[in-house]
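Note: the block below is final.csv and it holds CSV, C-alpha atoms.
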```
chain,number,residue,atom,x,y,z
A,1,GLY,CA,13.1,10.9,-23.8
A,2,GLU,CA,10.4,11.5,-26.4
A,3,ASN,CA,10.9,15.2,-26.4
A,4,ILE,CA,14.4,15.6,-28.0
A,5,GLY,CA,14.3,19.4,-27.9
A,6,SER,CA,17.3,21.5,-29.0
A,7,ASP,CA,21.0,21.6,-28.4
A,8,LEU,CA,22.6,24.0,-25.9
A,9,GLU,CA,24.2,26.9,-27.8
A,10,TRP,CA,27.9,27.4,-27.2
A,11,ASP,CA,27.4,31.1,-26.2
A,12,VAL,CA,25.1,30.0,-23.4
A,13,ALA,CA,27.5,27.3,-22.2
A,14,LYS,CA,30.4,29.6,-22.3
A,15,ALA,CA,28.5,32.3,-20.3
A,16,ALA,CA,27.6,29.7,-17.7
A,17,VAL,CA,31.2,28.6,-17.2
A,18,ASP,CA,32.3,32.2,-17.1
A,19,LEU,CA,29.8,33.0,-14.4
A,20,VAL,CA,30.8,30.1,-12.2
A,21,LEU,CA,34.5,30.9,-12.6
A,22,LEU,CA,33.9,34.6,-11.8
A,23,ASN,CA,31.9,33.6,-8.7
A,24,GLY,CA,34.8,31.3,-7.7
A,25,VAL,CA,37.3,34.1,-7.9
A,26,GLU,CA,35.1,36.7,-6.2
A,27,GLN,CA,34.1,34.4,-3.3
A,28,SER,CA,37.7,33.2,-2.9
A,29,SER,CA,36.6,29.6,-3.4
A,30,GLN,CA,39.2,26.9,-3.5
A,31,SER,CA,37.5,24.9,-6.2
A,32,VAL,CA,34.8,24.9,-8.9
A,33,SER,CA,32.9,22.0,-10.5
A,34,LEU,CA,31.2,21.4,-13.8
A,35,GLY,CA,28.5,18.7,-14.2
A,36,PHE,CA,26.5,17.3,-17.1
A,37,HIS,CA,22.9,16.1,-16.3
A,38,GLY,CA,19.6,16.3,-18.0
A,39,GLY,CA,16.0,15.3,-18.6
A,40,GLY,CA,17.6,12.5,-20.7
A,41,GLU,CA,21.1,11.1,-21.4
A,42,PRO,CA,23.7,14.0,-21.3
A,43,LEU,CA,26.5,12.0,-23.0
A,44,LEU,CA,24.9,11.0,-26.3
A,45,SER,CA,27.4,10.6,-29.1
A,46,ASN,CA,25.9,13.5,-31.0
A,47,GLN,CA,26.5,15.8,-28.0
A,48,MET,CA,30.1,14.8,-27.3
A,49,ASP,CA,31.6,17.6,-29.4
A,50,LEU,CA,29.9,20.2,-27.3
A,51,VAL,CA,30.8,18.3,-24.1
A,52,LYS,CA,34.4,18.2,-25.0
A,53,ARG,CA,34.5,21.9,-25.9
A,54,VAL,CA,32.9,22.9,-22.7
A,55,VAL,CA,35.2,20.7,-20.6
A,56,GLU,CA,38.3,22.1,-22.3
A,57,TYR,CA,37.2,25.7,-21.9
A,58,PHE,CA,36.3,25.1,-18.2
A,59,ARG,CA,39.5,23.4,-17.3
A,60,GLN,CA,41.8,25.9,-19.1
A,61,ASN,CA,40.1,28.9,-17.6
A,62,ALA,CA,39.8,27.5,-14.1
A,63,GLU,CA,43.6,26.7,-14.2
A,64,SER,CA,44.4,30.2,-15.4
A,65,LYS,CA,42.5,31.6,-12.4
A,66,GLY,CA,44.2,29.3,-9.9
A,67,LEU,CA,41.0,27.4,-9.2
A,68,LYS,CA,41.0,23.6,-8.5
A,69,HIS,CA,38.4,22.0,-10.7
A,70,THR,CA,36.4,18.8,-11.2
A,71,VAL,CA,34.1,17.5,-14.0
A,72,ASN,CA,31.4,15.0,-13.5
A,73,SER,CA,28.3,13.6,-15.1
A,74,VAL,CA,25.4,11.2,-14.7
A,75,THR,CA,24.9,8.6,-17.4
A,76,ASN,CA,22.9,5.6,-18.4
A,77,GLY,CA,26.2,3.9,-19.2
A,78,VAL,CA,25.5,3.2,-22.8
A,79,ILE,CA,28.6,4.8,-24.1
A,80,SER,CA,30.9,4.0,-27.0
A,81,ARG,CA,34.4,2.8,-26.3
A,82,ARG,CA,35.8,5.9,-28.0
A,83,ASN,CA,33.8,8.2,-25.8
A,84,ILE,CA,34.3,6.4,-22.6
A,85,GLU,CA,38.1,6.5,-23.2
A,86,TRP,CA,37.9,10.3,-23.6
A,87,ILE,CA,35.7,10.6,-20.5
A,88,VAL,CA,38.1,8.6,-18.3
A,89,GLY,CA,40.9,10.9,-19.4
A,90,ASN,CA,39.0,14.1,-18.9
A,91,PHE,CA,36.3,13.6,-16.2
A,92,ASP,CA,36.8,13.2,-12.4
A,93,ARG,CA,33.7,11.1,-11.8
A,94,LEU,CA,30.7,9.4,-13.3
A,95,ASN,CA,27.4,8.2,-11.7
A,96,ILE,CA,26.0,5.2,-13.5
A,97,SER,CA,22.3,4.6,-13.5
A,98,ILE,CA,21.7,0.9,-13.5
A,99,ASP,CA,18.7,-0.7,-11.9
A,100,GLY,CA,19.8,-4.2,-11.0
A,101,PRO,CA,20.4,-7.6,-12.6
A,102,GLU,CA,19.8,-8.2,-16.3
A,103,ASP,CA,16.0,-8.7,-16.3
A,104,ILE,CA,15.4,-5.6,-14.2
A,105,GLN,CA,17.7,-3.4,-16.1
A,106,ASN,CA,16.4,-4.4,-19.5
A,107,LYS,CA,12.8,-3.9,-18.5
A,108,GLN,CA,13.3,-0.5,-16.8
A,109,ARG,CA,15.9,1.0,-19.1
A,110,PRO,CA,15.6,-0.4,-22.7
A,111,MET,CA,17.5,1.4,-25.4
A,112,ALA,CA,15.7,3.7,-27.8
A,113,GLY,CA,14.7,0.9,-30.1
A,114,GLY,CA,13.6,-1.4,-27.3
A,115,GLN,CA,16.8,-3.4,-27.4
A,116,PRO,CA,18.4,-4.6,-24.1
A,117,SER,CA,20.9,-2.2,-22.5
A,118,PHE,CA,22.4,-4.5,-19.8
A,119,ALA,CA,25.4,-5.7,-21.7
A,120,ARG,CA,26.4,-2.2,-22.8
A,121,VAL,CA,26.2,-0.8,-19.3
A,122,ILE,CA,28.2,-3.7,-17.8
A,123,ASP,CA,30.8,-3.2,-20.5
A,124,THR,CA,31.1,0.5,-19.4
A,125,ILE,CA,31.4,-0.5,-15.7
A,126,GLU,CA,34.1,-3.1,-16.5
A,127,TYR,CA,36.1,-0.5,-18.4
A,128,LEU,CA,35.8,1.9,-15.4
A,129,GLU,CA,36.9,-0.8,-13.1
A,130,ALA,CA,39.9,-1.7,-15.2
A,131,LYS,CA,40.9,2.0,-15.3
A,132,CYS,CA,40.4,2.4,-11.5
A,133,PHE,CA,38.1,5.4,-12.4
A,134,ASN,CA,36.0,7.1,-9.7
A,135,TYR,CA,32.3,6.3,-10.3
A,136,GLY,CA,29.1,5.6,-8.5
A,137,ILE,CA,26.1,3.3,-9.1
A,138,ARG,CA,22.5,4.4,-8.6
A,139,ALA,CA,19.4,2.2,-8.9
A,140,THR,CA,15.8,3.4,-9.2
A,141,ILE,CA,13.5,1.0,-7.3
A,142,THR,CA,10.0,0.4,-8.7
A,143,ASP,CA,7.0,-1.5,-7.4
A,144,ASP,CA,8.2,-4.5,-9.5
A,145,SER,CA,11.8,-4.5,-8.2
A,146,VAL,CA,11.3,-3.4,-4.5
A,147,TYR,CA,11.2,-7.0,-3.1
A,148,ARG,CA,14.6,-7.7,-4.8
A,149,MET,CA,16.5,-4.9,-3.2
A,150,PRO,CA,18.8,-7.2,-1.1
A,151,GLU,CA,19.5,-9.1,-4.4
A,152,ILE,CA,20.2,-5.9,-6.2
A,153,VAL,CA,22.8,-5.0,-3.5
A,154,GLU,CA,24.4,-8.4,-3.9
A,155,PHE,CA,24.5,-8.0,-7.6
A,156,PHE,CA,26.1,-4.6,-7.5
A,157,ASN,CA,28.7,-5.9,-5.1
A,158,SER,CA,29.5,-8.7,-7.6
A,159,ILE,CA,30.2,-6.4,-10.5
A,160,SER,CA,31.9,-3.4,-8.7
A,161,SER,CA,34.7,-2.7,-6.3
A,162,ILE,CA,33.0,0.5,-5.0
A,163,LYS,CA,31.8,0.4,-1.4
A,164,GLN,CA,28.6,2.4,-1.5
A,165,PHE,CA,25.5,2.1,-3.7
A,166,HIS,CA,22.7,4.5,-4.1
A,167,LEU,CA,19.1,3.2,-4.0
A,168,GLU,CA,16.1,5.5,-4.5
A,169,PRO,CA,12.4,4.8,-4.8
A,170,LEU,CA,10.8,5.8,-8.2
A,171,PHE,CA,8.9,9.0,-8.1
A,172,GLU,CA,6.2,9.0,-10.7
A,173,CYS,CA,7.1,12.0,-12.9
A,174,GLY,CA,8.4,12.7,-16.4
A,175,ARG,CA,8.7,9.7,-18.8
A,176,CYS,CA,7.6,7.1,-16.3
A,177,THR,CA,4.1,8.5,-16.3
A,178,THR,CA,3.7,7.2,-19.8
A,179,THR,CA,5.0,3.7,-19.0
A,180,SER,CA,3.9,0.9,-16.7
A,181,ALA,CA,6.6,1.8,-14.1
A,182,ARG,CA,5.1,2.5,-10.7
A,183,ALA,CA,6.5,3.7,-7.4
A,184,PRO,CA,7.0,1.2,-4.7
A,185,LYS,CA,4.7,1.4,-1.7
A,186,PRO,CA,6.5,3.3,1.1
A,187,GLY,CA,6.1,0.5,3.6
A,188,ASP,CA,7.6,-2.0,1.1
A,189,PHE,CA,10.5,0.2,0.3
A,190,LEU,CA,11.2,0.8,4.0
A,191,ASN,CA,11.1,-2.9,4.8
A,192,TYR,CA,13.2,-4.2,1.9
A,193,MET,CA,15.7,-1.3,2.4
A,194,ILE,CA,16.2,-2.4,5.9
A,195,GLU,CA,16.8,-6.0,4.6
A,196,ALA,CA,19.2,-4.6,2.0
A,197,ARG,CA,21.1,-2.8,4.7
A,198,ARG,CA,21.7,-6.0,6.6
A,199,VAL,CA,23.0,-7.7,3.4
A,200,ALA,CA,25.2,-4.7,2.7
A,201,GLU,CA,26.7,-4.8,6.1
A,202,GLN,CA,27.6,-8.5,5.7
A,203,LEU,CA,29.2,-7.6,2.4
A,204,GLY,CA,31.2,-4.7,3.8
A,205,VAL,CA,29.4,-2.1,1.7
A,206,LYS,CA,26.9,0.7,2.4
A,207,ILE,CA,23.7,1.9,0.9
A,208,HIS,CA,23.0,5.5,0.3
A,209,TYR,CA,19.4,7.0,0.4
A,210,SER,CA,18.9,10.7,0.0
A,211,SER,CA,17.1,11.2,3.3
A,212,ALA,CA,17.3,10.1,7.0
A,213,LYS,CA,21.1,9.9,7.4
A,214,LEU,CA,22.2,9.5,11.0
A,215,GLY,CA,24.8,12.1,11.8
A,216,SER,CA,23.7,14.7,9.4
A,217,ASN,CA,22.4,18.0,10.6
A,218,ASN,CA,20.9,20.1,7.9
A,219,THR,CA,18.2,22.7,7.7
A,220,TYR,CA,17.8,22.5,3.9
A,221,PHE,CA,17.5,19.3,1.8
A,222,CYS,CA,19.7,20.2,-1.2
A,223,GLY,CA,20.9,22.9,-3.5
A,224,ALA,CA,17.4,23.2,-5.0
A,225,ALA,CA,16.8,25.7,-2.2
A,226,GLY,CA,18.1,28.5,-4.3
A,227,LYS,CA,21.7,27.4,-4.3
A,228,ASN,CA,22.1,25.3,-7.5
A,229,PHE,CA,22.9,26.7,-10.9
A,230,PHE,CA,21.9,24.5,-13.8
A,231,VAL,CA,21.4,25.7,-17.3
A,232,ASN,CA,19.1,24.0,-19.8
A,233,PRO,CA,19.4,23.9,-23.6
A,234,HIS,CA,17.2,27.0,-24.0
A,235,GLY,CA,19.3,29.1,-21.6
A,236,PHE,CA,16.9,28.9,-18.6
A,237,VAL,CA,18.4,28.5,-15.2
A,238,THR,CA,16.9,26.0,-12.8
A,239,THR,CA,17.9,25.0,-9.2
A,240,CYS,CA,16.4,21.6,-9.5
A,241,LEU,CA,17.2,18.7,-11.9
A,242,GLU,CA,13.6,17.5,-11.6
A,243,SER,CA,12.6,20.7,-13.4
A,244,CYS,CA,14.7,20.8,-16.6
A,245,ARG,CA,12.2,22.2,-19.0
A,246,GLU,CA,10.5,25.6,-18.9
A,247,ASP,CA,7.1,24.1,-19.8
A,248,ASP,CA,6.8,21.6,-16.9
A,249,LYS,CA,4.7,22.3,-13.8
A,250,LEU,CA,7.7,22.8,-11.5
A,251,ALA,CA,9.1,25.6,-13.7
A,252,GLU,CA,7.2,28.3,-11.8
A,253,ILE,CA,9.1,27.3,-8.7
A,254,PHE,CA,12.6,26.3,-9.8
A,255,LEU,CA,13.3,28.3,-12.9
A,256,ILE,CA,15.2,31.3,-11.4
A,257,GLY,CA,16.7,33.0,-14.5
A,258,GLN,CA,17.5,33.0,-18.1
A,259,TYR,CA,20.4,33.9,-20.5
A,260,ASP,CA,19.9,37.2,-22.2
A,261,SER,CA,21.4,36.9,-25.6
A,262,ASN,CA,21.4,40.6,-26.2
A,263,LYS,CA,23.3,41.4,-23.1
A,264,GLY,CA,25.4,38.2,-23.0
A,265,ILE,CA,24.6,37.6,-19.4
A,266,PHE,CA,22.3,35.6,-17.1
A,267,VAL,CA,19.4,37.6,-15.6
A,268,PHE,CA,18.0,36.2,-12.3
A,269,ASP,CA,14.7,36.5,-10.5
A,270,ASP,CA,15.8,37.5,-7.0
A,271,ALA,CA,12.3,37.0,-5.5
A,272,LYS,CA,12.3,33.4,-6.5
A,273,ILE,CA,15.7,32.8,-5.2
A,274,SER,CA,14.8,34.3,-1.9
A,275,LYS,CA,11.7,32.2,-1.6
A,276,LEU,CA,13.6,29.0,-2.3
A,277,GLY,CA,16.3,30.1,0.2
A,278,ALA,CA,13.8,30.5,2.9
A,279,ARG,CA,12.7,26.9,2.5
A,280,THR,CA,14.4,25.4,5.6
A,281,VAL,CA,13.0,22.8,7.9
A,282,ASP,CA,12.8,25.4,10.7
A,283,ASN,CA,10.2,27.2,8.6
A,284,MET,CA,8.1,24.1,8.1
A,285,PRO,CA,5.5,23.8,10.9
A,286,TYR,CA,4.5,20.2,10.0
A,287,CYS,CA,8.1,19.1,10.7
A,288,SER,CA,8.4,21.0,14.0
A,289,ASP,CA,8.1,18.0,16.3
A,290,CYS,CA,9.6,15.3,14.0
A,291,PHE,CA,12.7,13.5,15.4
A,292,SER,CA,14.2,13.2,11.9
A,293,LYS,CA,13.7,16.9,10.9
A,294,TYR,CA,17.4,17.7,10.7
A,295,ASN,CA,18.2,14.5,8.9
A,296,CYS,CA,15.8,14.7,6.0
A,297,ALA,CA,15.6,18.5,6.3
A,298,GLY,CA,12.1,18.6,5.0
A,299,ASP,CA,12.9,16.2,2.2
A,300,CYS,CA,13.0,16.8,-1.6
A,301,LEU,CA,11.5,20.1,-2.5
A,302,ALA,CA,10.2,18.9,-5.9
A,303,LYS,CA,8.5,15.8,-4.5
A,304,VAL,CA,6.9,17.7,-1.6
A,305,TYR,CA,5.6,20.4,-3.9
A,306,VAL,CA,4.1,17.9,-6.5
A,307,GLN,CA,2.4,15.9,-3.8
A,308,GLY,CA,1.0,18.8,-1.7
A,309,GLY,CA,1.2,22.0,-3.8
A,310,SER,CA,3.5,23.6,-1.3
A,311,LEU,CA,7.2,23.7,-0.7
A,312,THR,CA,6.8,23.9,3.1
A,313,ASN,CA,4.1,21.4,3.9
A,314,PRO,CA,5.1,17.8,3.4
A,315,GLU,CA,1.9,16.4,5.0
A,316,ASN,CA,1.2,14.4,1.9
A,317,ASN,CA,4.8,13.3,1.3
A,318,GLN,CA,4.9,9.5,1.1
A,319,ARG,CA,8.6,9.5,1.8
A,320,CYS,CA,8.1,10.6,5.4
A,321,MET,CA,7.4,7.1,6.5
A,322,ILE,CA,10.6,5.9,4.7
A,323,ASN,CA,12.7,8.7,6.2
A,324,ARG,CA,11.6,8.2,9.8
A,325,GLY,CA,11.7,4.4,9.6
A,326,LEU,CA,15.2,4.2,8.1
A,327,LEU,CA,16.5,6.7,10.6
A,328,LEU,CA,14.9,4.9,13.5
A,329,ASP,CA,16.4,1.6,12.2
A,330,GLU,CA,19.8,3.2,12.0
A,331,ILE,CA,19.5,4.6,15.6
A,332,ARG,CA,18.5,1.1,16.9
A,333,THR,CA,21.3,-0.6,15.0
A,334,THR,CA,23.9,1.9,16.3
A,335,CYS,CA,22.7,1.5,19.9
A,336,LEU,CA,22.8,-2.3,19.6
A,337,LYS,CA,26.4,-2.1,18.4
A,338,LEU,CA,27.3,0.2,21.2
A,339,GLU,CA,25.7,-2.2,23.7
A,340,VAL,CA,27.7,-5.1,22.3
A,341,ALA,CA,30.9,-3.0,22.4
A,342,LYS,CA,30.4,-2.5,26.1
```
Written as structure tokens, that's how I'd like the structure from this file.
Amino acid sequence: GENIGSDLEWDVAKAAVDLVLLNGVEQSSQSVSLGFHGGGEPLLSNQMDLVKRVVEYFRQNAESKGLKHTVNSVTNGVISRRNIEWIVGNFDRLNISIDGPEDIQNKQRPMAGGQPSFARVIDTIEYLEAKCFNYGIRATITDDSVYRMPEIVEFFNSISSIKQFHLEPLFECGRCTTTSARAPKPGDFLNYMIEARRVAEQLGVKIHYSSAKLGSNNTYFCGAAGKNFFVNPHGFVTTCLESCREDDKLAEIFLIGQYDSNKGIFVFDDAKISKLGARTVDNMPYCSDCFSKYNCAGDCLAKVYVQGGSLTNPENNQRCMINRGLLLDEIRTTCLKLEVAK
């Protein structure tokens, strides 16, 4: 992004790993995980020395405590061959952000100087394929690309052996508010997502969308409800990756703590954590009579808050139409299959 910011200090990273491992031991967990994310690309070449040091420290200390461990990251896929070789040897999974065929990708995700990124990302995917490495593909769908969702699924299937692709509608926040990128209309996303599902079924693959999953039964949408532990470069702790900076408008909701350099520990705001933890769909009156309430679980906390100024009132949430429509389509499709099976 435009705001480069500062680098994560080693002492903060080490303290974060130590806390996770301590919790793993005290709670008798079977495993712990380490992930790299960000309000930008987490695997930039000038950050890899820190990434390597954190990974090595995490793995060594997890093993010494008898904890199984995994390392993962999201990435835009523009990674040097040297770094991707190291990642394949030391990570357990990558999630690649690529938005579709060449013209879509180059328009939505140009490199810093405006150059096309498509060939670089395809090179990374081809390397991961050759190494049989565990990875995922996620596309952000805009108003310009929404009508091409079936084509995007076909394209992903042509470049990858994985059997599930993640498609999400753009939410206008962060850097996209300074560009021409616009969110798709909810009705358009719903209709073309249904078409894309039919294409995916014919290809023998699946499409993932973060809400409206038949068979799920959740009261909270994700770990942003007081369960996640993400540390930003300034040592602030957030539960939501859509609130990575302490000066954004979501910080008052999702920043739940901070590293205290004098004490060498993280200090948490228990009141904020409790408030987030209480955000379940059972505590959301607007959702009380919705047939999809336990599938979308009140939907994304950040998006609901931005659109309505409340964590618990999704009345203005444009994704409600998508969530209900996709779940209804899945129910109908399943019923038709059952009828045919009879």
Might you pull out every residue within 9 Å of Tyr259 in chain A, with only C-alpha atoms counted and same-chain residues fewer than 6 positions away left off, and present them as a PDB file with C-alpha atoms, keeping the file's coordinate frame?
```pdb
ATOM      1  CA  VAL A  12      25.100  30.000 -23.400  1.00  0.00           C
ATOM      2  CA  ALA A  15      28.500  32.300 -20.300  1.00  0.00           C
ATOM      3  CA  ALA A  16      27.600  29.700 -17.700  1.00  0.00           C
ATOM      4  CA  VAL A 231      21.400  25.700 -17.300  1.00  0.00           C
ATOM      5  CA  HIS A 234      17.200  27.000 -24.000  1.00  0.00           C
ATOM      6  CA  GLY A 235      19.300  29.100 -21.600  1.00  0.00           C
ATOM      7  CA  PHE A 236      16.900  28.900 -18.600  1.00  0.00           C
ATOM      8  CA  VAL A 237      18.400  28.500 -15.200  1.00  0.00           C
ATOM      9  CA  ILE A 265      24.600  37.600 -19.400  1.00  0.00           C
ATOM     10  CA  PHE A 266      22.300  35.600 -17.100  1.00  0.00           C
ATOM     11  CA  VAL A 267      19.400  37.600 -15.600  1.00  0.00           C
ATOM     12  CA  PHE A 268      18.000  36.200 -12.300  1.00  0.00           C
TER      13      PHE A 268
END
```
Shell of 10 Å around Trp10 in chain A, only C-alpha atoms, local chain residues under 2 positions omitted, as a list in words: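 The contact residues come out as Asp7, Leu8, Val12, Ala13, Lys14, Ala15, Ala16, Leu50, Arg53, Val54 and Pro233 of chain A.
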Atom pair CA of Gln164 in chain A / CA of Ile96 in chain A: separation (Å):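 Distance reported for this atom pair: 12.6 Å.
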CA of Gln307 in chain A to CA of Arg319 in chain A, distance in Å rounded to a single decimal: 10.5 Å
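Restricting the calculation to all atoms listed in the file, the smallest distance between Val121 in chain A and any of A:Thr75, A:Ser145, A:Ser274, A:Asn90 is found for A:Thr75.
Taking CA of Glu41 in chain A as the reference point, CA of Leu22 in chain A is found at 28.4 Å.
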Tell me, counting all atoms listed in the file, for each residue of range 190-211 of chain A within 12 Å of range 280-298 of chain A, which pair of atoms is nearest and how far apart they are in Å to one decimal, in rows ordered by chain and increasing number, as a Markdown table.
```
| residue | atom | partner | partner_atom | distance |
| --- | --- | --- | --- | --- |
| A:Tyr209 | CA | A:Cys296 | CA | 10.2 |
| A:Ser210 | CA | A:Cys296 | CA | 7.8 |
| A:Ser211 | CA | A:Cys296 | CA | 4.6 |
```
Range 86-88 of chain A environment, 9 Å, only C-alpha atoms, sequence neighbours closer than 5 positions dropped, as a PyMOL selection string: chain A and resi 52+81+93-94+128+131+133-134
Among listed residues A:Val146, A:Leu326, A:Cys222, A:Asn317, nearest His208 in chain A (using only C-alpha atoms): A:Leu326
Option closest in space to Glu242 in chain A, from A:Thr140, A:Ser180, A:Gly39, A:Leu170 [counting all atoms listed in the file]: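 Checking each of A:Thr140, A:Ser180, A:Gly39, A:Leu170 against Glu242 in chain A, counting all atoms listed in the file, the winner is A:Gly39.
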Shell of 12 Å around Arg138 in chain A, all atoms listed in the file, local chain residues under 2 positions omitted, as a PyMOL selection string: chain A and resi 74-77+94-100+105+135-136+140-141+152-153+156+162+164-170+207-210
All residues 12 Å or closer to Phe155 in chain A, all atoms listed in the file, same chain fewer than 4 positions away omitted, as a count of residues only: 22
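Proximity to Thr124 in chain A was assessed for A:Ser261, A:Ser158, A:Ser80, A:Asn191 counting only C-alpha atoms; the smallest distance is recorded for A:Ser80.
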Range 122-144 of chain A rebuilt with N, CA and C atoms, output as a short mmCIF file (atom, residue, chain, number, x, y, z; two decimals), in the frame of the given file:
```cif
data_model
loop_
_atom_site.label_atom_id
_atom_site.label_comp_id
_atom_site.auth_asym_id
_atom_site.auth_seq_id
_atom_site.Cartn_x
_atom_site.Cartn_y
_atom_site.Cartn_z
N ILE A 122 27.17 -2.93 -18.50
CA ILE A 122 28.20 -3.70 -17.80
C ILE A 122 29.54 -3.55 -18.49
N ASP A 123 29.57 -3.42 -19.79
CA ASP A 123 30.80 -3.20 -20.50
C ASP A 123 31.46 -1.86 -20.03
N THR A 124 30.63 -0.83 -19.85
CA THR A 124 31.10 0.50 -19.40
C THR A 124 31.68 0.33 -17.94
N ILE A 125 30.95 -0.35 -17.07
CA ILE A 125 31.40 -0.50 -15.70
C ILE A 125 32.72 -1.31 -15.65
N GLU A 126 32.82 -2.35 -16.45
CA GLU A 126 34.10 -3.10 -16.50
C GLU A 126 35.23 -2.28 -16.96
N TYR A 127 34.99 -1.39 -17.90
CA TYR A 127 36.10 -0.50 -18.40
C TYR A 127 36.49 0.46 -17.25
N LEU A 128 35.51 1.03 -16.55
CA LEU A 128 35.80 1.90 -15.40
C LEU A 128 36.58 1.22 -14.34
N GLU A 129 36.19 -0.01 -14.08
CA GLU A 129 36.90 -0.80 -13.10
C GLU A 129 38.35 -1.04 -13.50
N ALA A 130 38.55 -1.39 -14.76
CA ALA A 130 39.90 -1.70 -15.20
C ALA A 130 40.80 -0.44 -15.17
N LYS A 131 40.19 0.73 -15.31
CA LYS A 131 40.90 2.00 -15.30
C LYS A 131 41.00 2.59 -13.88
N CYS A 132 40.39 1.90 -12.90
CA CYS A 132 40.40 2.40 -11.50
C CYS A 132 39.76 3.83 -11.47
N PHE A 133 38.74 4.03 -12.26
CA PHE A 133 38.10 5.40 -12.40
C PHE A 133 37.08 5.54 -11.26
N ASN A 134 36.91 6.77 -10.80
CA ASN A 134 36.00 7.10 -9.70
C ASN A 134 34.55 7.16 -10.28
N TYR A 135 33.71 6.26 -9.82
CA TYR A 135 32.30 6.30 -10.30
C TYR A 135 31.40 5.78 -9.19
N GLY A 136 30.11 6.04 -9.40
CA GLY A 136 29.10 5.60 -8.50
C GLY A 136 28.01 4.82 -9.22
N ILE A 137 27.20 4.09 -8.49
CA ILE A 137 26.10 3.30 -9.10
C ILE A 137 24.80 3.73 -8.34
N ARG A 138 23.78 4.03 -9.13
CA ARG A 138 22.50 4.40 -8.60
C ARG A 138 21.39 3.58 -9.22
N ALA A 139 20.50 3.02 -8.40
CA ALA A 139 19.40 2.20 -8.90
C ALA A 139 18.07 2.93 -8.52
N THR A 140 17.13 2.95 -9.46
CA THR A 140 15.80 3.40 -9.20
C THR A 140 14.91 2.19 -8.91
N ILE A 141 14.27 2.18 -7.75
CA ILE A 141 13.50 1.00 -7.30
C ILE A 141 12.02 1.25 -7.61
N THR A 142 11.41 0.29 -8.30
CA THR A 142 10.00 0.40 -8.70
C THR A 142 9.17 -0.62 -7.84
N ASP A 143 7.87 -0.59 -8.06
CA ASP A 143 7.00 -1.50 -7.40
C ASP A 143 7.30 -2.97 -7.79
N ASP A 144 7.84 -3.15 -9.00
CA ASP A 144 8.20 -4.50 -9.50
C ASP A 144 9.51 -4.99 -8.86
#
```
